[in-house]
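Asks: Handing over run_16.pdb, PDB, C-alpha atoms, pLDDT in the B column.
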ATOM      1  CA  MET A   1      74.266 124.645  92.566  1.00 65.00           C
ATOM      2  CA  SER A   2      76.263 127.407  94.217  1.00 73.00           C
ATOM      3  CA  PRO A   3      79.045 128.822  92.001  1.00 75.00           C
ATOM      4  CA  THR A   4      81.454 127.940  94.806  1.00 78.00           C
ATOM      5  CA  PHE A   5      80.829 124.229  94.228  1.00 85.00           C
ATOM      6  CA  ARG A   6      79.987 124.153  90.508  1.00 86.00           C
ATOM      7  CA  SER A   7      82.796 121.699  89.664  1.00 88.00           C
ATOM      8  CA  LEU A   8      81.070 119.141  91.867  1.00 91.00           C
ATOM      9  CA  ALA A   9      78.259 118.968  89.305  1.00 88.00           C
ATOM     10  CA  ASN A  10      80.726 116.919  87.214  1.00 90.00           C
ATOM     11  CA  HIS A  11      80.262 113.290  88.334  1.00 90.00           C
ATOM     12  CA  ASN A  12      83.888 112.267  87.729  1.00 91.00           C
ATOM     13  CA  TYR A  13      85.264 115.317  89.498  1.00 91.00           C
ATOM     14  CA  ARG A  14      82.887 114.747  92.432  1.00 91.00           C
ATOM     15  CA  ARG A  15      84.187 111.163  92.820  1.00 93.00           C
ATOM     16  CA  TYR A  16      87.774 112.374  92.497  1.00 92.00           C
ATOM     17  CA  ALA A  17      87.284 115.157  95.055  1.00 92.00           C
ATOM     18  CA  MET A  18      85.591 112.927  97.632  1.00 94.00           C
ATOM     19  CA  GLY A  19      88.239 110.230  97.214  1.00 93.00           C
ATOM     20  CA  GLY A  20      90.942 112.865  97.569  1.00 92.00           C
ATOM     21  CA  LEU A  21      89.419 114.194 100.775  1.00 95.00           C
ATOM     22  CA  VAL A  22      89.300 110.700 102.301  1.00 96.00           C
ATOM     23  CA  SER A  23      92.800 109.809 101.125  1.00 94.00           C
ATOM     24  CA  ASN A  24      94.360 113.116 102.214  1.00 94.00           C
ATOM     25  CA  THR A  25      92.722 112.809 105.624  1.00 97.00           C
ATOM     26  CA  GLY A  26      94.227 109.342 105.960  1.00 96.00           C
ATOM     27  CA  THR A  27      97.644 110.622 104.895  1.00 95.00           C
ATOM     28  CA  TRP A  28      97.591 113.323 107.576  1.00 96.00           C
ATOM     29  CA  MET A  29      96.452 110.728 110.094  1.00 97.00           C
ATOM     30  CA  GLN A  30      99.464 108.600 109.202  1.00 97.00           C
ATOM     31  CA  ARG A  31     101.866 111.506 109.547  1.00 95.00           C
ATOM     32  CA  VAL A  32     100.779 112.015 113.141  1.00 97.00           C
ATOM     33  CA  ALA A  33     100.695 108.292 113.901  1.00 97.00           C
ATOM     34  CA  GLN A  34     104.062 107.677 112.256  1.00 97.00           C
ATOM     35  CA  ASP A  35     105.701 110.424 114.321  1.00 97.00           C
ATOM     36  CA  TRP A  36     104.090 109.066 117.475  1.00 97.00           C
ATOM     37  CA  LEU A  37     105.350 105.584 116.594  1.00 98.00           C
ATOM     38  CA  VAL A  38     108.864 106.962 116.071  1.00 98.00           C
ATOM     39  CA  LEU A  39     108.692 108.599 119.499  1.00 97.00           C
ATOM     40  CA  GLN A  40     107.613 105.270 121.004  1.00 96.00           C
ATOM     41  CA  LEU A  41     110.356 103.297 119.266  1.00 97.00           C
ATOM     42  CA  SER A  42     113.164 105.802 119.837  1.00 97.00           C
ATOM     43  CA  GLY A  43     112.534 106.740 123.454  1.00 95.00           C
ATOM     44  CA  ASN A  44     111.209 110.213 122.584  1.00 95.00           C
ATOM     45  CA  SER A  45     114.009 111.201 120.194  1.00 96.00           C
ATOM     46  CA  GLY A  46     113.361 114.386 118.287  1.00 95.00           C
ATOM     47  CA  THR A  47     116.293 113.508 116.058  1.00 97.00           C
ATOM     48  CA  ALA A  48     114.569 110.277 115.037  1.00 98.00           C
ATOM     49  CA  ILE A  49     111.452 112.232 114.063  1.00 97.00           C
ATOM     50  CA  GLY A  50     113.618 114.619 112.051  1.00 97.00           C
ATOM     51  CA  ILE A  51     115.262 111.715 110.233  1.00 98.00           C
ATOM     52  CA  THR A  52     111.868 110.161 109.486  1.00 97.00           C
ATOM     53  CA  THR A  53     110.477 113.435 108.167  1.00 96.00           C
ATOM     54  CA  GLY A  54     113.621 114.050 106.126  1.00 97.00           C
ATOM     55  CA  LEU A  55     113.468 110.595 104.579  1.00 97.00           C
ATOM     56  CA  GLN A  56     109.774 111.007 103.768  1.00 95.00           C
ATOM     57  CA  PHE A  57     110.278 114.333 101.994  1.00 94.00           C
ATOM     58  CA  LEU A  58     113.755 113.778 100.475  1.00 96.00           C
ATOM     59  CA  PRO A  59     112.254 112.055  97.395  1.00 96.00           C
ATOM     60  CA  PHE A  60     110.306 115.243  96.600  1.00 93.00           C
ATOM     61  CA  LEU A  61     113.572 117.149  96.441  1.00 94.00           C
ATOM     62  CA  LEU A  62     115.383 114.512  94.418  1.00 95.00           C
ATOM     63  CA  LEU A  63     112.621 113.306  92.110  1.00 96.00           C
ATOM     64  CA  ALA A  64     110.312 116.287  91.535  1.00 89.00           C
ATOM     65  CA  PRO A  65     111.682 117.266  88.108  1.00 89.00           C
ATOM     66  CA  TYR A  66     111.650 113.673  86.884  1.00 94.00           C
ATOM     67  CA  ALA A  67     108.223 113.007  88.395  1.00 94.00           C
ATOM     68  CA  GLY A  68     106.773 115.959  86.509  1.00 92.00           C
ATOM     69  CA  VAL A  69     108.115 114.615  83.225  1.00 94.00           C
ATOM     70  CA  VAL A  70     106.670 111.174  83.980  1.00 95.00           C
ATOM     71  CA  ALA A  71     103.295 112.743  84.802  1.00 93.00           C
ATOM     72  CA  ASP A  72     103.347 114.625  81.490  1.00 92.00           C
ATOM     73  CA  ARG A  73     104.185 111.554  79.417  1.00 94.00           C
ATOM     74  CA  MET A  74     102.161 108.840  81.110  1.00 94.00           C
ATOM     75  CA  SER A  75      98.436 108.403  81.524  1.00 94.00           C
ATOM     76  CA  LYS A  76      97.691 110.389  84.671  1.00 93.00           C
ATOM     77  CA  HIS A  77      94.883 108.026  85.595  1.00 92.00           C
ATOM     78  CA  ARG A  78      97.222 105.026  85.436  1.00 95.00           C
ATOM     79  CA  LEU A  79     100.011 106.865  87.238  1.00 96.00           C
ATOM     80  CA  LEU A  80      97.616 107.819  90.045  1.00 94.00           C
ATOM     81  CA  GLN A  81      96.549 104.191  90.374  1.00 94.00           C
ATOM     82  CA  LEU A  82     100.193 103.128  90.658  1.00 96.00           C
ATOM     83  CA  THR A  83     101.112 105.847  93.139  1.00 96.00           C
ATOM     84  CA  ASN A  84      98.116 105.027  95.312  1.00 95.00           C
ATOM     85  CA  VAL A  85      99.274 101.408  95.485  1.00 96.00           C
ATOM     86  CA  GLY A  86     102.803 102.715  96.119  1.00 96.00           C
ATOM     87  CA  MET A  87     101.551 104.765  99.072  1.00 97.00           C
ATOM     88  CA  ALA A  88      99.116 102.168 100.426  1.00 97.00           C
ATOM     89  CA  ALA A  89     101.675  99.343 100.513  1.00 98.00           C
ATOM     90  CA  PRO A  90     104.170 101.019 102.913  1.00 98.00           C
ATOM     91  CA  ALA A  91     101.246 102.139 105.085  1.00 98.00           C
ATOM     92  CA  LEU A  92      99.867  98.600 105.188  1.00 98.00           C
ATOM     93  CA  ILE A  93     103.271  97.103 106.012  1.00 98.00           C
ATOM     94  CA  LEU A  94     104.027  99.689 108.706  1.00 98.00           C
ATOM     95  CA  GLY A  95     100.548  99.348 110.190  1.00 98.00           C
ATOM     96  CA  VAL A  96     100.847  95.567 110.419  1.00 98.00           C
ATOM     97  CA  LEU A  97     104.346  95.813 111.923  1.00 98.00           C
ATOM     98  CA  ALA A  98     103.133  98.288 114.557  1.00 98.00           C
ATOM     99  CA  VAL A  99      99.935  96.398 115.410  1.00 98.00           C
ATOM    100  CA  THR A 100     101.873  93.154 115.863  1.00 97.00           C
ATOM    101  CA  GLY A 101     104.565  94.863 117.943  1.00 96.00           C
ATOM    102  CA  GLN A 102     107.268  94.043 115.394  1.00 97.00           C
ATOM    103  CA  ALA A 103     108.093  97.569 114.185  1.00 97.00           C
ATOM    104  CA  HIS A 104     111.675  98.783 114.397  1.00 98.00           C
ATOM    105  CA  LEU A 105     112.950 102.286 113.789  1.00 98.00           C
ATOM    106  CA  TRP A 106     114.938 101.345 110.685  1.00 98.00           C
ATOM    107  CA  GLU A 107     111.772  99.871 109.140  1.00 98.00           C
ATOM    108  CA  VAL A 108     109.916 103.123 109.739  1.00 98.00           C
ATOM    109  CA  TYR A 109     112.769 104.968 108.004  1.00 98.00           C
ATOM    110  CA  VAL A 110     112.679 102.691 104.943  1.00 98.00           C
ATOM    111  CA  LEU A 111     108.878 102.770 104.683  1.00 98.00           C
ATOM    112  CA  ALA A 112     108.791 106.561 105.112  1.00 97.00           C
ATOM    113  CA  PHE A 113     111.248 106.873 102.226  1.00 98.00           C
ATOM    114  CA  LEU A 114     109.171 104.537 100.049  1.00 97.00           C
ATOM    115  CA  LEU A 115     106.002 106.477 100.881  1.00 96.00           C
ATOM    116  CA  GLY A 116     107.782 109.699  99.988  1.00 96.00           C
ATOM    117  CA  THR A 117     108.973 108.259  96.691  1.00 97.00           C
ATOM    118  CA  ALA A 118     105.437 107.312  95.649  1.00 96.00           C
ATOM    119  CA  SER A 119     104.169 110.695  96.856  1.00 95.00           C
ATOM    120  CA  ALA A 120     106.758 112.520  94.746  1.00 96.00           C
ATOM    121  CA  PHE A 121     105.229 110.977  91.610  1.00 96.00           C
ATOM    122  CA  ASP A 122     101.670 111.349  92.883  1.00 94.00           C
ATOM    123  CA  ALA A 123     101.769 115.118  93.426  1.00 91.00           C
ATOM    124  CA  PRO A 124     102.358 116.311  89.828  1.00 92.00           C
ATOM    125  CA  ALA A 125      99.977 113.703  88.412  1.00 92.00           C
ATOM    126  CA  ARG A 126      97.242 114.651  90.876  1.00 88.00           C
ATOM    127  CA  GLN A 127      97.640 118.372  90.232  1.00 85.00           C
ATOM    128  CA  SER A 128      97.423 118.013  86.472  1.00 88.00           C
ATOM    129  CA  PHE A 129      94.721 115.312  86.413  1.00 90.00           C
ATOM    130  CA  VAL A 130      92.020 117.840  87.262  1.00 88.00           C
ATOM    131  CA  SER A 131      92.357 119.388  83.798  1.00 85.00           C
ATOM    132  CA  GLU A 132      91.411 116.028  82.298  1.00 87.00           C
ATOM    133  CA  ILE A 133      88.268 115.770  84.423  1.00 90.00           C
ATOM    134  CA  VAL A 134      86.718 119.232  84.225  1.00 91.00           C
ATOM    135  CA  GLY A 135      86.436 121.621  81.330  1.00 85.00           C
ATOM    136  CA  PRO A 136      88.297 124.920  81.096  1.00 87.00           C
ATOM    137  CA  ASP A 137      85.296 126.826  82.481  1.00 87.00           C
ATOM    138  CA  ASP A 138      85.450 124.888  85.764  1.00 88.00           C
ATOM    139  CA  MET A 139      89.233 124.596  86.059  1.00 88.00           C
ATOM    140  CA  THR A 140      89.746 127.492  88.473  1.00 90.00           C
ATOM    141  CA  ASN A 141      86.859 126.340  90.628  1.00 92.00           C
ATOM    142  CA  ALA A 142      88.130 122.734  90.708  1.00 90.00           C
ATOM    143  CA  VAL A 143      91.649 123.817  91.663  1.00 88.00           C
ATOM    144  CA  GLY A 144      90.216 125.978  94.444  1.00 90.00           C
ATOM    145  CA  LEU A 145      88.099 123.095  95.739  1.00 92.00           C
ATOM    146  CA  ASN A 146      91.149 120.796  95.658  1.00 90.00           C
ATOM    147  CA  SER A 147      93.058 123.293  97.773  1.00 90.00           C
ATOM    148  CA  ALA A 148      90.166 123.601 100.212  1.00 93.00           C
ATOM    149  CA  SER A 149      89.892 119.815 100.394  1.00 92.00           C
ATOM    150  CA  PHE A 150      93.612 119.416 101.097  1.00 91.00           C
ATOM    151  CA  ASN A 151      93.534 122.023 103.847  1.00 95.00           C
ATOM    152  CA  THR A 152      90.396 120.509 105.364  1.00 96.00           C
ATOM    153  CA  ALA A 153      92.154 117.137 105.473  1.00 96.00           C
ATOM    154  CA  ARG A 154      95.176 118.819 107.068  1.00 95.00           C
ATOM    155  CA  ILE A 155      92.921 119.928 109.932  1.00 97.00           C
ATOM    156  CA  ILE A 156      90.743 116.830 110.289  1.00 97.00           C
ATOM    157  CA  GLY A 157      93.426 114.141 109.828  1.00 97.00           C
ATOM    158  CA  PRO A 158      95.711 115.042 112.747  1.00 97.00           C
ATOM    159  CA  ALA A 159      92.727 115.628 115.032  1.00 97.00           C
ATOM    160  CA  VAL A 160      91.212 112.237 114.218  1.00 97.00           C
ATOM    161  CA  ALA A 161      94.612 110.549 114.548  1.00 98.00           C
ATOM    162  CA  GLY A 162      95.249 112.107 117.939  1.00 97.00           C
ATOM    163  CA  PHE A 163      91.818 111.095 119.181  1.00 97.00           C
ATOM    164  CA  LEU A 164      92.173 107.518 117.902  1.00 97.00           C
ATOM    165  CA  ILE A 165      95.691 107.064 119.247  1.00 97.00           C
ATOM    166  CA  ALA A 166      94.578 108.269 122.687  1.00 97.00           C
ATOM    167  CA  TRP A 167      91.383 106.192 122.559  1.00 97.00           C
ATOM    168  CA  LEU A 168      93.336 103.073 121.585  1.00 96.00           C
ATOM    169  CA  GLY A 169      95.825 103.453 124.421  1.00 95.00           C
ATOM    170  CA  GLY A 170      98.556 105.682 123.040  1.00 92.00           C
ATOM    171  CA  GLY A 171     101.175 103.020 122.331  1.00 94.00           C
ATOM    172  CA  ALA A 172     102.787 101.674 119.204  1.00 95.00           C
ATOM    173  CA  VAL A 173      99.858  99.323 118.604  1.00 96.00           C
ATOM    174  CA  ALA A 174      97.451 102.278 118.607  1.00 97.00           C
ATOM    175  CA  THR A 175      99.534 104.029 115.974  1.00 97.00           C
ATOM    176  CA  GLY A 176      99.463 100.882 113.878  1.00 97.00           C
ATOM    177  CA  TRP A 177      95.665 100.897 113.738  1.00 98.00           C
ATOM    178  CA  VAL A 178      95.668 104.536 112.621  1.00 98.00           C
ATOM    179  CA  ILE A 179      98.262 103.790 109.948  1.00 98.00           C
ATOM    180  CA  LEU A 180      96.151 100.846 108.757  1.00 98.00           C
ATOM    181  CA  LEU A 181      93.201 103.220 108.398  1.00 97.00           C
ATOM    182  CA  ASN A 182      95.362 105.302 106.095  1.00 97.00           C
ATOM    183  CA  ALA A 183      96.196 102.226 104.025  1.00 97.00           C
ATOM    184  CA  VAL A 184      92.465 101.596 103.610  1.00 97.00           C
ATOM    185  CA  SER A 185      91.845 105.261 102.732  1.00 96.00           C
ATOM    186  CA  TYR A 186      93.716 104.819  99.442  1.00 93.00           C
ATOM    187  CA  VAL A 187      90.841 102.685  98.187  1.00 91.00           C
ATOM    188  CA  ALA A 188      88.807 105.898  97.966  1.00 84.00           C
TER     189      ALA A 188
END
Would you encode the structure as structure tokens?
Replies:
Amino acid sequence: MSPTFRSLANHNYRRYAMGGLVSNTGTWMQRVAQDWLVLQLSGNSGTAIGITTGLQFLPFLLLAPYAGVVADRMSKHRLLQLTNVGMAAPALILGVLAVTGQAHLWEVYVLAFLLGTASAFDAPARQSFVSEIVGPDDMTNAVGLNSASFNTARIIGPAVAGFLIAWLGGGAVATGWVILLNAVSYVA
């Protein structure tokens, strides 16, 4: 195996990396779909998108120090299971609301905040979990592959979301289907 991908020789890391790529792609798909849904619900308000983004990332600012302590003291595997459920649930709820035409702006705000709260705990656990999967010799390689995977998802996710939203008609219902795909991506 190429030295560039040597961490992938570890079965557990390979499963983790592939699941992360799928899940991160879904997360980026939701970010695009959620913003498009906010535009649909707010009559193209940039302020509403700013509020949504602020609410989604505010928990990182408020909870990051505490989340790091929790990640250090709790089983990272268990914490990642909980945070994945905590991120999938708001996505599932928002997707269903959008697909059924029942989504309101305030609900998007609340669900974005809940998603951000789960994400704030997920990030430190995910970053430190790699050290439990691979040995010290593969640590640098695994961290590099994680970064490459995240950036690949950052490119693929919005592109796929844009294509699917357009293909499905561009309305709130289309965004709901994309958000539901993200909810399913957490299974990986």
Asks: Could you tell me which of A:Phe121, A:Trp177, A:Trp167, A:Tyr109 comes closest to Gln56 in chain A if we count all atoms listed in the file?
Replies: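 Closest residue, counting all atoms listed in the file: A:Tyr109.
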Asks: Find the residues near Ile165 in chain A: any atom within 8 Å, counting all atoms listed in the file, skip ones fewer than 3 places away on the same chain, and give them as a PDB file with C-alpha atoms, in the frame of the given file.
Replies:
ATOM      1  CA  ALA A  33     100.695 108.292 113.901  1.00 97.00           C
ATOM      2  CA  ALA A 161      94.612 110.549 114.548  1.00 98.00           C
ATOM      3  CA  GLY A 162      95.249 112.107 117.939  1.00 97.00           C
ATOM      4  CA  LEU A 168      93.336 103.073 121.585  1.00 96.00           C
ATOM      5  CA  GLY A 169      95.825 103.453 124.421  1.00 95.00           C
ATOM      6  CA  GLY A 170      98.556 105.682 123.040  1.00 92.00           C
ATOM      7  CA  GLY A 171     101.175 103.020 122.331  1.00 94.00           C
ATOM      8  CA  ALA A 174      97.451 102.278 118.607  1.00 97.00           C
ATOM      9  CA  THR A 175      99.534 104.029 115.974  1.00 97.00           C
ATOM     10  CA  VAL A 178      95.668 104.536 112.621  1.00 98.00           C
TER      11      VAL A 178
END
Asks: Taking all atoms listed in the file into account, name the residue in A:Asn84, A:Asn10, A:Ser75, A:Asn146 that is nearest to Val187 in chain A.
Replies: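 Smallest separation from Val187 in chain A among the options: A:Asn84.
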Asks: Quick check, in Å to one decimal: how far apart do CA of Thr140 in chain A and CA of Ala9 in chain A lie?
Replies: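 Between these atoms lies a distance of 14.3 Å.
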Asks: Would you mind reading off the distance between CA of Thr53 in chain A and CA of Val130 in chain A, one decimal, in Å?
Replies: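 Atom-to-atom, CA of Thr53 in chain A to CA of Val130 in chain A, that is 28.2 Å.
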Asks: Please tabulate, as JSON lines, the residues of range 106-177 of chain A that come within 6 Å of range 87-92 of chain A, each with its closest pair of atoms and the distance in Å to one decimal, counting only C-alpha atoms and ordering rows by chain, then residue number upward.
Replies:
{"residue": "A:Leu111", "atom": "CA", "partner": "A:Pro90", "partner_atom": "CA", "distance": 5.3}
{"residue": "A:Leu115", "atom": "CA", "partner": "A:Met87", "partner_atom": "CA", "distance": 5.1}
{"residue": "A:Ala118", "atom": "CA", "partner": "A:Met87", "partner_atom": "CA", "distance": 5.8}
Asks: Taking (88.7, 122.0, 97.8) in the file's coordinates, which residues come within 12 Å, counting all atoms listed in the file, written as number ranges by chain?
Replies: A: 4-8, 13-14, 16-21, 24, 130, 140-154
Asks: Would you please work out which residue, of A:Ala183, A:Leu63, A:Leu164, A:Ile133, is nearest to His77 in chain A when using all atoms listed in the file?
Replies: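 Closest residue, counting all atoms listed in the file: A:Ile133.
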Asks: Edge lengths and centre in Å to one decimal, as JSON, of the axis-aligned box that encloses all listed atoms of range 124-141 of chain A with 3 Å added on every side?
Replies:
{"center_x": 93.8, "center_y": 120.6, "center_z": 86.0, "size_x": 23.1, "size_y": 19.8, "size_z": 15.8}
Asks: Which distance in Å separates CA of Gly46 in chain A and CA of Ala123 in chain A, to one decimal?
Replies: 27.4 Å
Asks: With distances taken over only C-alpha atoms, which of A:Leu80, A:Ala188, A:Leu62, A:Ile156 is nearest to Pro124 in chain A?
Replies: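 Nearest candidate to Pro124 in chain A out of A:Leu80, A:Ala188, A:Leu62, A:Ile156: A:Leu80.
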Asks: For this file, the PyMOL selection byres ((chain A and resi 32) around 9) selects which residues, as a PyMOL selection string?
Replies: chain A and resi 27-31+33-37+157-158+161-162+175
Asks: Let me know the residues the PyMOL selection byres ((chain A and resi 108) around 9) catches in the file above, as JSON, numbers by chain.
Replies: {"A": [34, 37, 38, 52, 94, 103, 104, 105, 106, 107, 109, 110, 111, 112, 113]}
Asks: Could range 99-123 of chain A be written out with C-alpha atoms, as a PDB file, in the first residue's frame, please?
Replies:
ATOM      1  CA  VAL A  99     -40.794  17.518   2.770  1.00  0.00           C
ATOM      2  CA  THR A 100     -44.293  17.797   4.239  1.00  0.00           C
ATOM      3  CA  GLY A 101     -44.383  21.568   3.724  1.00  0.00           C
ATOM      4  CA  GLN A 102     -44.691  22.222   7.460  1.00  0.00           C
ATOM      5  CA  ALA A 103     -41.324  23.909   8.089  1.00  0.00           C
ATOM      6  CA  HIS A 104     -41.271  27.351   9.671  1.00  0.00           C
ATOM      7  CA  LEU A 105     -38.296  29.641  10.082  1.00  0.00           C
ATOM      8  CA  TRP A 106     -38.289  29.440  13.882  1.00  0.00           C
ATOM      9  CA  GLU A 107     -38.102  25.633  13.651  1.00  0.00           C
ATOM     10  CA  VAL A 108     -35.067  25.877  11.391  1.00  0.00           C
ATOM     11  CA  TYR A 109     -33.448  28.183  13.963  1.00  0.00           C
ATOM     12  CA  VAL A 110     -34.090  25.777  16.855  1.00  0.00           C
ATOM     13  CA  LEU A 111     -32.946  22.716  14.896  1.00  0.00           C
ATOM     14  CA  ALA A 112     -29.819  24.514  13.650  1.00  0.00           C
ATOM     15  CA  PHE A 113     -28.937  25.331  17.258  1.00  0.00           C
ATOM     16  CA  LEU A 114     -29.505  21.723  18.338  1.00  0.00           C
ATOM     17  CA  LEU A 115     -27.374  20.456  15.449  1.00  0.00           C
ATOM     18  CA  GLY A 116     -24.649  22.895  16.436  1.00  0.00           C
ATOM     19  CA  THR A 117     -24.789  21.764  20.050  1.00  0.00           C
ATOM     20  CA  ALA A 118     -24.267  18.117  19.091  1.00  0.00           C
ATOM     21  CA  SER A 119     -21.527  19.144  16.653  1.00  0.00           C
ATOM     22  CA  ALA A 120     -19.698  21.071  19.378  1.00  0.00           C
ATOM     23  CA  PHE A 121     -19.307  17.829  21.350  1.00  0.00           C
ATOM     24  CA  ASP A 122     -18.626  15.752  18.244  1.00  0.00           C
ATOM     25  CA  ALA A 123     -15.613  17.735  17.018  1.00  0.00           C
TER      26      ALA A 123
END
